[in-house]
Amino acid sequence: MTILLPAVHAREIELHGESAYPEEGAGLLLGSIEDGGLRRVHRTLPLPNRWEDEARARRYRIDPIDLLEAEETAEQDGLTILGIYHSHPDHPAHPSAFDLERALPFYTYLITEVRSAAAVESRAWRLAEDRGSFEEEGLTVVADQKEHR
Amino acid sequence: MSLVRIPTPLRPYTEGKKEVEASGPTVIAVLEDLAGRYPSLRPHLFNGEGRLRPYVNVFVNDLDIRGLEGEATALDATDRLMIVPSIAGGSGPESLRPVDHAALRTNQAVIIGLLVAAFVADAPLLAAIVAALMLWGSVRGRPAFVGIYQLLRRTGRIRPDTLPDNPEPHRFAQLLGGLVLSVGSLAFALGAPDAGWALTAVVAALAGINLFAGVCVGCMSYYWMARFHVPGFSKSPPPGTIPGRRPTG
């Protein structure tokens, strides 16, 4: 269970978390699934944090309409939404109980810890089949390469 | 039969199909029928109590059912349903609570005053009493000298300074101070007054740094332990706050 993240996209995700600080920033990971289930990110898609009230420092929400549009765009480009990235301002890159309650299967949840507006570390997680916990997914930042699909 | 569009993350449970058929007179009936056809899909649509999970949004012919009649929205066979997840999460259900920093500062000032008085009067017993009160306060989850603060408040000499914060690190800081001071008292009892006064000075100095510089070293240790996932240390500093510093409010 591994996801390959080109360095340029790893940096984009960090920058998004840093610029959203002290709120949470979130977006989608678009890419492909190769033989053996290896996931490769081709593109990131930052999305607005639609959480309604003042709690955006502790919460994020991606609107279903935004997701639907992203899913259609991805399909046109022959890509899949592999998962969601979001930042945890001043909080470890571990999924919270709230993340678990809201998690969907299949998606990679990439969490970036941002302390005082500086990204510290990113870790990837996937919901266990019994929905009881998250399992850590290998996150490998790879050298950038030419776009291929 | 209604056609139901399945979002990518749930397709592994519908044999990889993007659209499947299910039947029923209402939205909820169609979803129940769907879960009956694909049993492994059920736990991802419904929670343990049989209610739709919060991320499940349903659209009927591109209209959100929340703008229609919700789960009870009636359907006919030509309606097309879409299940679209709304993705949500965040760094935890924890919420900040009001913490009166004026009470904390009064507590620190009293602790410093009493410890200095103990040193000047060469009264280790007074330091031991402060240690006991700090430990007792930590057990009760309040500042040791909160009574003095309440008295000062009543006279109008001090105003509350309530900030959204975590009470636990402050409680831990007082516990830490009480423990160090207790070890100091033990040193006095064992006939090592130099060690006793040195530990007393450490506690007074840390209370001073907190009072005058707004840096709570005990809170800082709490947050570091939380960062390394030490059991019992779960809180994170309020957003935008350097661990151990006063919240910006």
# chains A, B, ... in the order shown; residues from 1 in each chain; ligands from 1

call {"tool": "interface_residues", "arguments": {"of": "chain A", "to": "chain B", "cutoff": "9 Å", "atoms": "only C-alpha atoms", "output": "count of residues only"}}
result
51

call {"tool": "select_by_dssp", "arguments": {"residues": "chain A", "states": "helix (DSSP H, G or I)", "output": "PyMOL selection string"}}
result
chain A and resi 7-20+35-37+54-57+64-76+97-102

call {"tool": "write_last_selection", "arguments": {"atoms": "C-alpha atoms", "output": "mmCIF file, in the first residue's frame"}}
result
data_model
loop_
_atom_site.group_PDB
_atom_site.id
_atom_site.type_symbol
_atom_site.label_atom_id
_atom_site.label_comp_id
_atom_site.auth_asym_id
_atom_site.auth_seq_id
_atom_site.Cartn_x
_atom_site.Cartn_y
_atom_site.Cartn_z
ATOM 1 C CA ALA A 7 8.232 16.333 -5.366
ATOM 2 C CA VAL A 8 6.556 19.248 -7.139
ATOM 3 C CA HIS A 9 3.149 18.115 -5.862
ATOM 4 C CA ALA A 10 4.502 17.449 -2.376
ATOM 5 C CA ARG A 11 5.637 21.069 -2.318
ATOM 6 C CA GLU A 12 2.258 22.293 -3.654
ATOM 7 C CA ILE A 13 0.479 20.500 -0.824
ATOM 8 C CA GLU A 14 2.821 21.992 1.774
ATOM 9 C CA LEU A 15 2.382 25.482 0.343
ATOM 10 C CA HIS A 16 -1.388 25.096 0.393
ATOM 11 C CA GLY A 17 -1.330 24.070 4.061
ATOM 12 C CA GLU A 18 1.007 26.960 4.866
ATOM 13 C CA SER A 19 -1.083 29.567 3.071
ATOM 14 C CA ALA A 20 -4.326 28.298 4.633
ATOM 15 C CA ASP A 35 -0.610 -2.822 -11.435
ATOM 16 C CA GLY A 36 -0.451 -4.177 -7.940
ATOM 17 C CA GLY A 37 -2.383 -1.223 -6.569
ATOM 18 C CA GLU A 54 -15.564 29.668 12.471
ATOM 19 C CA ALA A 55 -14.091 26.247 13.161
ATOM 20 C CA ARG A 56 -12.093 26.098 9.929
ATOM 21 C CA ALA A 57 -8.936 25.942 12.069
ATOM 22 C CA PRO A 64 -20.139 17.551 -3.031
ATOM 23 C CA ILE A 65 -20.557 19.745 -6.106
ATOM 24 C CA ASP A 66 -16.829 20.529 -6.111
ATOM 25 C CA LEU A 67 -16.115 16.833 -5.773
ATOM 26 C CA LEU A 68 -18.515 15.869 -8.526
ATOM 27 C CA GLU A 69 -16.925 18.370 -10.912
ATOM 28 C CA ALA A 70 -13.472 17.138 -9.981
ATOM 29 C CA GLU A 71 -14.524 13.541 -10.536
ATOM 30 C CA GLU A 72 -15.814 14.371 -14.008
ATOM 31 C CA THR A 73 -12.672 16.343 -14.915
ATOM 32 C CA ALA A 74 -10.500 13.506 -13.679
ATOM 33 C CA GLU A 75 -12.429 10.939 -15.688
ATOM 34 C CA GLN A 76 -12.116 13.008 -18.870
ATOM 35 C CA ALA A 97 -11.382 10.577 15.682
ATOM 36 C CA PHE A 98 -13.368 13.060 13.623
ATOM 37 C CA ASP A 99 -11.398 12.111 10.504
ATOM 38 C CA LEU A 100 -12.192 8.451 11.192
ATOM 39 C CA GLU A 101 -15.899 9.033 11.626
ATOM 40 C CA ARG A 102 -16.084 10.882 8.308
#

call {"tool": "atom_distance", "arguments": {"atom1": "CA of Glu168 in chain B", "atom2": "CA of Gly214 in chain B"}}
result
16.8 Å

call {"tool": "atom_distance", "arguments": {"atom1": "CA of Ala189 in chain B", "atom2": "CA of Arg171 in chain B"}}
result
26.7 Å

call {"tool": "atom_distance", "arguments": {"atom1": "CA of Val120 in chain B", "atom2": "CA of Val203 in chain B"}}
result
15.8 Å

call {"tool": "residues_around", "arguments": {"residues": "range 121-130 of chain B", "least_positions_apart": "6", "cutoff": "12 Å", "atoms": "only C-alpha atoms", "output": "mmCIF file with all heavy atoms, in the first residue's frame"}}
result
data_model
loop_
_atom_site.group_PDB
_atom_site.id
_atom_site.type_symbol
_atom_site.label_atom_id
_atom_site.label_comp_id
_atom_site.auth_asym_id
_atom_site.auth_seq_id
_atom_site.Cartn_x
_atom_site.Cartn_y
_atom_site.Cartn_z
ATOM 1 N N ASN B 107 -2.126 33.040 40.863
ATOM 2 C CA ASN B 107 -1.591 31.825 41.465
ATOM 3 C C ASN B 107 -0.060 31.840 41.452
ATOM 4 O O ASN B 107 0.592 31.585 42.461
ATOM 5 C CB ASN B 107 -2.119 30.622 40.671
ATOM 6 C CG ASN B 107 -1.960 29.302 41.408
ATOM 7 O OD1 ASN B 107 -2.249 29.229 42.598
ATOM 8 N ND2 ASN B 107 -1.483 28.284 40.704
ATOM 9 N N GLN B 108 0.504 32.205 40.281
ATOM 10 C CA GLN B 108 1.965 32.236 40.156
ATOM 11 C C GLN B 108 2.557 33.274 41.114
ATOM 12 O O GLN B 108 3.568 33.020 41.781
ATOM 13 C CB GLN B 108 2.352 32.564 38.705
ATOM 14 C CG GLN B 108 2.042 31.426 37.738
ATOM 15 C CD GLN B 108 1.588 31.928 36.373
ATOM 16 O OE1 GLN B 108 1.785 33.095 36.040
ATOM 17 N NE2 GLN B 108 0.986 31.052 35.594
ATOM 18 N N VAL B 110 1.346 34.399 43.920
ATOM 19 C CA VAL B 110 1.267 33.951 45.305
ATOM 20 C C VAL B 110 2.334 32.894 45.587
ATOM 21 O O VAL B 110 3.012 32.917 46.627
ATOM 22 C CB VAL B 110 -0.146 33.413 45.630
ATOM 23 C CG1 VAL B 110 -0.182 32.806 47.020
ATOM 24 C CG2 VAL B 110 -1.179 34.519 45.499
ATOM 25 N N ILE B 111 2.508 31.990 44.620
ATOM 26 C CA ILE B 111 3.518 30.933 44.798
ATOM 27 C C ILE B 111 4.906 31.561 44.950
ATOM 28 O O ILE B 111 5.663 31.236 45.881
ATOM 29 C CB ILE B 111 3.487 29.940 43.599
ATOM 30 C CG1 ILE B 111 2.209 29.102 43.660
ATOM 31 C CG2 ILE B 111 4.722 29.046 43.603
ATOM 32 C CD1 ILE B 111 1.936 28.280 42.411
ATOM 33 N N ILE B 112 5.230 32.510 44.059
ATOM 34 C CA ILE B 112 6.542 33.162 44.125
ATOM 35 C C ILE B 112 6.693 33.872 45.485
ATOM 36 O O ILE B 112 7.700 33.702 46.183
ATOM 37 C CB ILE B 112 6.704 34.181 42.974
ATOM 38 C CG1 ILE B 112 6.704 33.449 41.629
ATOM 39 C CG2 ILE B 112 8.012 34.967 43.136
ATOM 40 C CD1 ILE B 112 6.546 34.383 40.438
ATOM 41 N N GLY B 113 5.663 34.632 45.856
ATOM 42 C CA GLY B 113 5.714 35.377 47.119
ATOM 43 C C GLY B 113 5.955 34.466 48.321
ATOM 44 O O GLY B 113 6.834 34.730 49.149
ATOM 45 N N LEU B 114 5.204 33.368 48.363
ATOM 46 C CA LEU B 114 5.332 32.465 49.514
ATOM 47 C C LEU B 114 6.695 31.762 49.530
ATOM 48 O O LEU B 114 7.286 31.573 50.597
ATOM 49 C CB LEU B 114 4.199 31.433 49.500
ATOM 50 C CG LEU B 114 2.805 31.993 49.836
ATOM 51 C CD1 LEU B 114 1.752 30.908 49.670
ATOM 52 C CD2 LEU B 114 2.773 32.553 51.256
ATOM 53 N N LEU B 115 7.192 31.409 48.355
ATOM 54 C CA LEU B 115 8.480 30.701 48.315
ATOM 55 C C LEU B 115 9.610 31.650 48.706
ATOM 56 O O LEU B 115 10.551 31.254 49.423
ATOM 57 C CB LEU B 115 8.725 30.101 46.919
ATOM 58 C CG LEU B 115 7.779 28.956 46.520
ATOM 59 C CD1 LEU B 115 8.148 28.395 45.160
ATOM 60 C CD2 LEU B 115 7.789 27.848 47.567
ATOM 61 N N TRP B 136 -2.554 19.441 45.637
ATOM 62 C CA TRP B 136 -3.989 19.305 45.892
ATOM 63 C C TRP B 136 -4.784 20.055 44.822
ATOM 64 O O TRP B 136 -5.787 19.549 44.295
ATOM 65 C CB TRP B 136 -4.301 19.824 47.305
ATOM 66 C CG TRP B 136 -5.744 19.776 47.688
ATOM 67 C CD1 TRP B 136 -6.504 20.820 48.086
ATOM 68 C CD2 TRP B 136 -6.610 18.643 47.676
ATOM 69 N NE1 TRP B 136 -7.785 20.418 48.339
ATOM 70 C CE2 TRP B 136 -7.893 19.070 48.089
ATOM 71 C CE3 TRP B 136 -6.444 17.285 47.355
ATOM 72 C CZ2 TRP B 136 -8.985 18.226 48.204
ATOM 73 C CZ3 TRP B 136 -7.534 16.433 47.457
ATOM 74 C CH2 TRP B 136 -8.773 16.891 47.879
ATOM 75 N N GLY B 137 -4.320 21.239 44.455
ATOM 76 C CA GLY B 137 -4.979 22.021 43.396
ATOM 77 C C GLY B 137 -4.978 21.257 42.069
ATOM 78 O O GLY B 137 -5.977 21.245 41.342
ATOM 79 N N PRO B 143 -6.278 26.178 40.102
ATOM 80 C CA PRO B 143 -5.063 26.756 40.672
ATOM 81 C C PRO B 143 -5.076 26.633 42.194
ATOM 82 O O PRO B 143 -6.130 26.760 42.824
ATOM 83 C CB PRO B 143 -5.132 28.233 40.248
ATOM 84 C CG PRO B 143 -6.049 28.262 39.070
ATOM 85 C CD PRO B 143 -7.033 27.158 39.306
ATOM 86 N N ALA B 144 -3.898 26.393 42.771
ATOM 87 C CA ALA B 144 -3.812 26.148 44.213
ATOM 88 C C ALA B 144 -4.389 27.314 45.010
ATOM 89 O O ALA B 144 -5.058 27.113 46.009
ATOM 90 C CB ALA B 144 -2.350 25.910 44.602
ATOM 91 N N PHE B 145 -4.127 28.552 44.549
ATOM 92 C CA PHE B 145 -4.531 29.722 45.334
ATOM 93 C C PHE B 145 -5.696 30.462 44.669
ATOM 94 O O PHE B 145 -5.764 31.685 44.688
ATOM 95 C CB PHE B 145 -3.321 30.633 45.552
ATOM 96 C CG PHE B 145 -2.232 29.941 46.320
ATOM 97 C CD1 PHE B 145 -1.131 29.378 45.659
ATOM 98 C CD2 PHE B 145 -2.317 29.790 47.696
ATOM 99 C CE1 PHE B 145 -0.152 28.712 46.366
ATOM 100 C CE2 PHE B 145 -1.331 29.114 48.412
ATOM 101 C CZ PHE B 145 -0.248 28.572 47.736
ATOM 102 N N GLN B 174 1.209 22.999 36.956
ATOM 103 C CA GLN B 174 1.146 23.147 38.417
ATOM 104 C C GLN B 174 1.535 21.849 39.119
ATOM 105 O O GLN B 174 2.236 21.856 40.126
ATOM 106 C CB GLN B 174 -0.268 23.566 38.838
ATOM 107 C CG GLN B 174 -0.421 23.662 40.343
ATOM 108 C CD GLN B 174 -1.723 24.306 40.771
ATOM 109 O OE1 GLN B 174 -1.789 25.486 41.046
ATOM 110 N NE2 GLN B 174 -2.776 23.506 40.802
ATOM 111 N N LEU B 175 1.109 20.737 38.527
ATOM 112 C CA LEU B 175 1.466 19.431 39.084
ATOM 113 C C LEU B 175 2.985 19.254 39.085
ATOM 114 O O LEU B 175 3.583 18.826 40.075
ATOM 115 C CB LEU B 175 0.795 18.324 38.257
ATOM 116 C CG LEU B 175 1.096 16.887 38.666
ATOM 117 C CD1 LEU B 175 0.423 16.558 39.996
ATOM 118 C CD2 LEU B 175 0.636 15.901 37.601
ATOM 119 N N GLY B 177 5.272 21.606 39.042
ATOM 120 C CA GLY B 177 5.847 22.500 40.054
ATOM 121 C C GLY B 177 5.678 21.911 41.451
ATOM 122 O O GLY B 177 6.620 21.908 42.257
ATOM 123 N N GLY B 178 4.491 21.376 41.727
ATOM 124 C CA GLY B 178 4.217 20.784 43.033
ATOM 125 C C GLY B 178 5.126 19.596 43.306
ATOM 126 O O GLY B 178 5.597 19.397 44.431
ATOM 127 N N LEU B 179 5.399 18.817 42.246
ATOM 128 C CA LEU B 179 6.251 17.636 42.423
ATOM 129 C C LEU B 179 7.697 18.043 42.705
ATOM 130 O O LEU B 179 8.345 17.494 43.601
ATOM 131 C CB LEU B 179 6.181 16.737 41.177
ATOM 132 C CG LEU B 179 4.862 15.961 41.003
ATOM 133 C CD1 LEU B 179 4.829 15.229 39.667
ATOM 134 C CD2 LEU B 179 4.670 14.972 42.148
ATOM 135 N N VAL B 180 8.183 19.021 41.944
ATOM 136 C CA VAL B 180 9.576 19.473 42.141
ATOM 137 C C VAL B 180 9.726 20.029 43.558
ATOM 138 O O VAL B 180 10.696 19.743 44.266
ATOM 139 C CB VAL B 180 9.963 20.530 41.080
ATOM 140 C CG1 VAL B 180 11.328 21.140 41.403
ATOM 141 C CG2 VAL B 180 9.981 19.906 39.689
ATOM 142 N N LEU B 181 8.720 20.799 43.972
ATOM 143 C CA LEU B 181 8.745 21.392 45.301
ATOM 144 C C LEU B 181 8.675 20.298 46.382
ATOM 145 O O LEU B 181 9.299 20.419 47.444
ATOM 146 C CB LEU B 181 7.560 22.351 45.434
ATOM 147 C CG LEU B 181 7.736 23.610 46.281
ATOM 148 C CD1 LEU B 181 9.025 24.336 45.961
ATOM 149 C CD2 LEU B 181 6.550 24.541 46.063
ATOM 150 N N SER B 182 7.934 19.223 46.095
ATOM 151 C CA SER B 182 7.844 18.114 47.054
ATOM 152 C C SER B 182 9.192 17.427 47.206
ATOM 153 O O SER B 182 9.578 17.049 48.321
ATOM 154 C CB SER B 182 6.816 17.083 46.580
ATOM 155 O OG SER B 182 5.575 17.699 46.412
ATOM 156 N N VAL B 183 9.894 17.263 46.074
ATOM 157 C CA VAL B 183 11.229 16.659 46.147
ATOM 158 C C VAL B 183 12.132 17.569 46.990
ATOM 159 O O VAL B 183 12.939 17.091 47.805
ATOM 160 C CB VAL B 183 11.810 16.434 44.725
ATOM 161 C CG1 VAL B 183 13.244 15.921 44.803
ATOM 162 C CG2 VAL B 183 10.947 15.458 43.945
ATOM 163 N N GLY B 184 11.954 18.906 46.818
ATOM 164 C CA GLY B 184 12.705 19.870 47.635
ATOM 165 C C GLY B 184 12.424 19.670 49.115
ATOM 166 O O GLY B 184 13.359 19.631 49.932
ATOM 167 N N SER B 185 11.147 19.498 49.451
ATOM 168 C CA SER B 185 10.777 19.300 50.860
ATOM 169 C C SER B 185 11.382 18.013 51.403
ATOM 170 O O SER B 185 11.819 17.952 52.559
ATOM 171 C CB SER B 185 9.254 19.239 51.000
ATOM 172 O OG SER B 185 8.695 20.451 50.564
ATOM 173 N N LEU B 186 11.425 17.013 50.552
ATOM 174 C CA LEU B 186 12.042 15.745 50.929
ATOM 175 C C LEU B 186 13.526 15.975 51.242
ATOM 176 O O LEU B 186 14.074 15.428 52.216
ATOM 177 C CB LEU B 186 11.876 14.740 49.784
ATOM 178 C CG LEU B 186 12.100 13.278 50.135
ATOM 179 C CD1 LEU B 186 11.007 12.782 51.075
ATOM 180 C CD2 LEU B 186 12.114 12.425 48.862
ATOM 181 N N ALA B 187 14.160 16.802 50.405
ATOM 182 C CA ALA B 187 15.579 17.116 50.606
ATOM 183 C C ALA B 187 15.780 17.786 51.963
ATOM 184 O O ALA B 187 16.713 17.450 52.697
ATOM 185 C CB ALA B 187 16.091 18.012 49.478
ATOM 186 N N PHE B 188 14.862 18.738 52.302
ATOM 187 C CA PHE B 188 14.952 19.384 53.629
ATOM 188 C C PHE B 188 14.853 18.331 54.718
ATOM 189 O O PHE B 188 15.640 18.306 55.667
ATOM 190 C CB PHE B 188 13.825 20.399 53.815
ATOM 191 C CG PHE B 188 14.035 21.683 53.045
ATOM 192 C CD1 PHE B 188 13.137 22.075 52.066
ATOM 193 C CD2 PHE B 188 15.131 22.503 53.317
ATOM 194 C CE1 PHE B 188 13.319 23.247 51.364
ATOM 195 C CE2 PHE B 188 15.317 23.688 52.620
ATOM 196 C CZ PHE B 188 14.416 24.062 51.630
ATOM 197 N N ALA B 189 13.891 17.435 54.557
ATOM 198 C CA ALA B 189 13.640 16.416 55.583
ATOM 199 C C ALA B 189 14.842 15.501 55.744
ATOM 200 O O ALA B 189 15.114 15.001 56.826
ATOM 201 C CB ALA B 189 12.399 15.611 55.213
ATOM 202 N N GLY B 191 17.849 16.422 55.453
ATOM 203 C CA GLY B 191 19.004 17.192 55.915
ATOM 204 C C GLY B 191 19.876 17.724 54.802
ATOM 205 O O GLY B 191 21.093 17.810 54.949
ATOM 206 N N ALA B 192 19.287 18.045 53.643
ATOM 207 C CA ALA B 192 20.052 18.651 52.546
ATOM 208 C C ALA B 192 19.403 19.977 52.162
ATOM 209 O O ALA B 192 18.774 20.096 51.106
ATOM 210 C CB ALA B 192 20.111 17.711 51.355
ATOM 211 N N PRO B 193 19.520 21.001 53.019
ATOM 212 C CA PRO B 193 18.820 22.256 52.758
ATOM 213 C C PRO B 193 19.267 22.940 51.468
ATOM 214 O O PRO B 193 18.466 23.616 50.812
ATOM 215 C CB PRO B 193 19.138 23.114 53.980
ATOM 216 C CG PRO B 193 20.314 22.483 54.635
ATOM 217 C CD PRO B 193 20.307 21.042 54.276
ATOM 218 N N ASP B 194 20.530 22.779 51.058
ATOM 219 C CA ASP B 194 20.978 23.420 49.816
ATOM 220 C C ASP B 194 20.186 22.902 48.625
ATOM 221 O O ASP B 194 19.687 23.662 47.793
ATOM 222 C CB ASP B 194 22.473 23.159 49.599
ATOM 223 C CG ASP B 194 23.316 23.927 50.615
ATOM 224 O OD1 ASP B 194 22.731 24.790 51.314
ATOM 225 O OD2 ASP B 194 24.519 23.644 50.724
ATOM 226 N N ALA B 195 20.052 21.569 48.570
ATOM 227 C CA ALA B 195 19.272 20.968 47.481
ATOM 228 C C ALA B 195 17.821 21.425 47.587
ATOM 229 O O ALA B 195 17.165 21.736 46.580
ATOM 230 C CB ALA B 195 19.363 19.450 47.540
ATOM 231 N N GLY B 196 17.311 21.491 48.816
ATOM 232 C CA GLY B 196 15.926 21.924 49.046
ATOM 233 C C GLY B 196 15.691 23.328 48.519
ATOM 234 O O GLY B 196 14.733 23.576 47.768
ATOM 235 N N TRP B 197 16.588 24.251 48.846
ATOM 236 C CA TRP B 197 16.397 25.636 48.376
ATOM 237 C C TRP B 197 16.612 25.753 46.867
ATOM 238 O O TRP B 197 15.952 26.556 46.194
ATOM 239 C CB TRP B 197 17.332 26.597 49.127
ATOM 240 C CG TRP B 197 16.912 26.826 50.563
ATOM 241 C CD1 TRP B 197 17.683 26.644 51.673
ATOM 242 C CD2 TRP B 197 15.619 27.254 51.023
ATOM 243 N NE1 TRP B 197 16.969 26.924 52.806
ATOM 244 C CE2 TRP B 197 15.690 27.298 52.443
ATOM 245 C CE3 TRP B 197 14.414 27.579 50.402
ATOM 246 C CZ2 TRP B 197 14.605 27.676 53.243
ATOM 247 C CZ3 TRP B 197 13.338 27.958 51.190
ATOM 248 C CH2 TRP B 197 13.437 28.007 52.597
ATOM 249 N N ALA B 198 17.528 24.929 46.333
ATOM 250 C CA ALA B 198 17.773 24.988 44.887
ATOM 251 C C ALA B 198 16.499 24.594 44.125
ATOM 252 O O ALA B 198 16.075 25.269 43.171
ATOM 253 C CB ALA B 198 18.920 24.054 44.510
ATOM 254 N N LEU B 199 15.851 23.534 44.575
ATOM 255 C CA LEU B 199 14.624 23.094 43.885
ATOM 256 C C LEU B 199 13.505 24.115 44.090
ATOM 257 O O LEU B 199 12.712 24.379 43.174
ATOM 258 C CB LEU B 199 14.202 21.709 44.395
ATOM 259 C CG LEU B 199 15.160 20.577 43.954
ATOM 260 C CD1 LEU B 199 14.835 19.277 44.677
ATOM 261 C CD2 LEU B 199 15.067 20.361 42.441
ATOM 262 N N THR B 200 13.458 24.705 45.286
ATOM 263 C CA THR B 200 12.461 25.745 45.547
ATOM 264 C C THR B 200 12.678 26.928 44.592
ATOM 265 O O THR B 200 11.735 27.480 44.036
ATOM 266 C CB THR B 200 12.572 26.212 47.013
ATOM 267 O OG1 THR B 200 12.450 25.064 47.857
ATOM 268 C CG2 THR B 200 11.490 27.219 47.358
ATOM 269 N N ALA B 201 13.970 27.274 44.401
ATOM 270 C CA ALA B 201 14.299 28.383 43.499
ATOM 271 C C ALA B 201 13.879 28.073 42.067
ATOM 272 O O ALA B 201 13.400 28.959 41.342
ATOM 273 C CB ALA B 201 15.801 28.672 43.563
ATOM 274 N N VAL B 203 11.348 26.231 41.078
ATOM 275 C CA VAL B 203 9.893 26.394 40.959
ATOM 276 C C VAL B 203 9.521 27.885 40.944
ATOM 277 O O VAL B 203 8.715 28.330 40.119
ATOM 278 C CB VAL B 203 9.166 25.657 42.112
ATOM 279 C CG1 VAL B 203 7.666 25.952 42.094
ATOM 280 C CG2 VAL B 203 9.391 24.151 41.974
ATOM 281 N N ALA B 204 10.159 28.664 41.834
ATOM 282 C CA ALA B 204 9.861 30.097 41.877
ATOM 283 C C ALA B 204 10.260 30.757 40.550
ATOM 284 O O ALA B 204 9.534 31.608 40.019
ATOM 285 C CB ALA B 204 10.597 30.745 43.043
#

call {"tool": "residues_around", "arguments": {"residues": "Ala29 in chain B", "least_positions_apart": "6", "cutoff": "10 Å", "atoms": "only C-alpha atoms", "output": "MDAnalysis selection string"}}
result
chainID B and resid 22:23 35 71:75

call {"tool": "residues_around", "arguments": {"residues": "Arg5 in chain B", "least_positions_apart": "4", "cutoff": "8 Å", "atoms": "only C-alpha atoms", "output": "compact mmCIF listing (two decimals) with N, CA and C atoms, in the first residue's frame"}}
result
# COMPACT_ATOMS: atom_id res chain seq x y z
N LYS B 18 -19.90 1.91 -12.19
CA LYS B 18 -20.10 3.34 -11.96
C LYS B 18 -21.58 3.63 -11.75
N GLU B 19 -22.42 2.86 -12.42
CA GLU B 19 -23.86 3.04 -12.24
C GLU B 19 -24.49 1.67 -12.01
N VAL B 20 -25.40 1.65 -11.06
CA VAL B 20 -26.09 0.39 -10.77
C VAL B 20 -27.59 0.68 -10.67
N ARG B 80 -32.91 9.67 -11.88
CA ARG B 80 -31.52 9.23 -11.79
C ARG B 80 -30.95 9.75 -10.47
N LEU B 81 -30.37 8.85 -9.70
CA LEU B 81 -29.81 9.22 -8.41
C LEU B 81 -28.29 9.30 -8.49
N MET B 82 -27.73 10.22 -7.73
CA MET B 82 -26.28 10.28 -7.62
C MET B 82 -25.93 10.28 -6.14
N ILE B 83 -25.00 9.43 -5.77
CA ILE B 83 -24.44 9.51 -4.41
C ILE B 83 -23.12 10.26 -4.55

call {"tool": "residues_around", "arguments": {"residues": "range 133-140 of chain A", "least_positions_apart": "3", "cutoff": "7 Å", "atoms": "only C-alpha atoms", "output": "VMD selection string"}}
result
chain A and resid 1 to 5 100 123 to 128

call {"tool": "select_by_dssp", "arguments": {"residues": "range 39-247 of chain B", "states": "strand (DSSP E)", "output": "list of chain:residue names"}}
result
B:Val56, B:Asn57, B:Val58, B:Phe59, B:Val60, B:Leu63, B:Asp64, B:Arg80, B:Leu81, B:Met82, B:Ile83, B:Val84, B:Pro85, B:Ile87, B:Ala88, B:Gly89, B:Arg97, B:Pro98, B:Val99, B:Asp100, B:Thr162, B:Leu163, B:Pro164, B:Asp165

call {"tool": "closest_residue", "arguments": {"among": "B:Leu52, B:Leu63, B:Ala77, B:Cys216", "to": "Leu3 in chain B", "atoms": "only C-alpha atoms"}}
result
B:Ala77
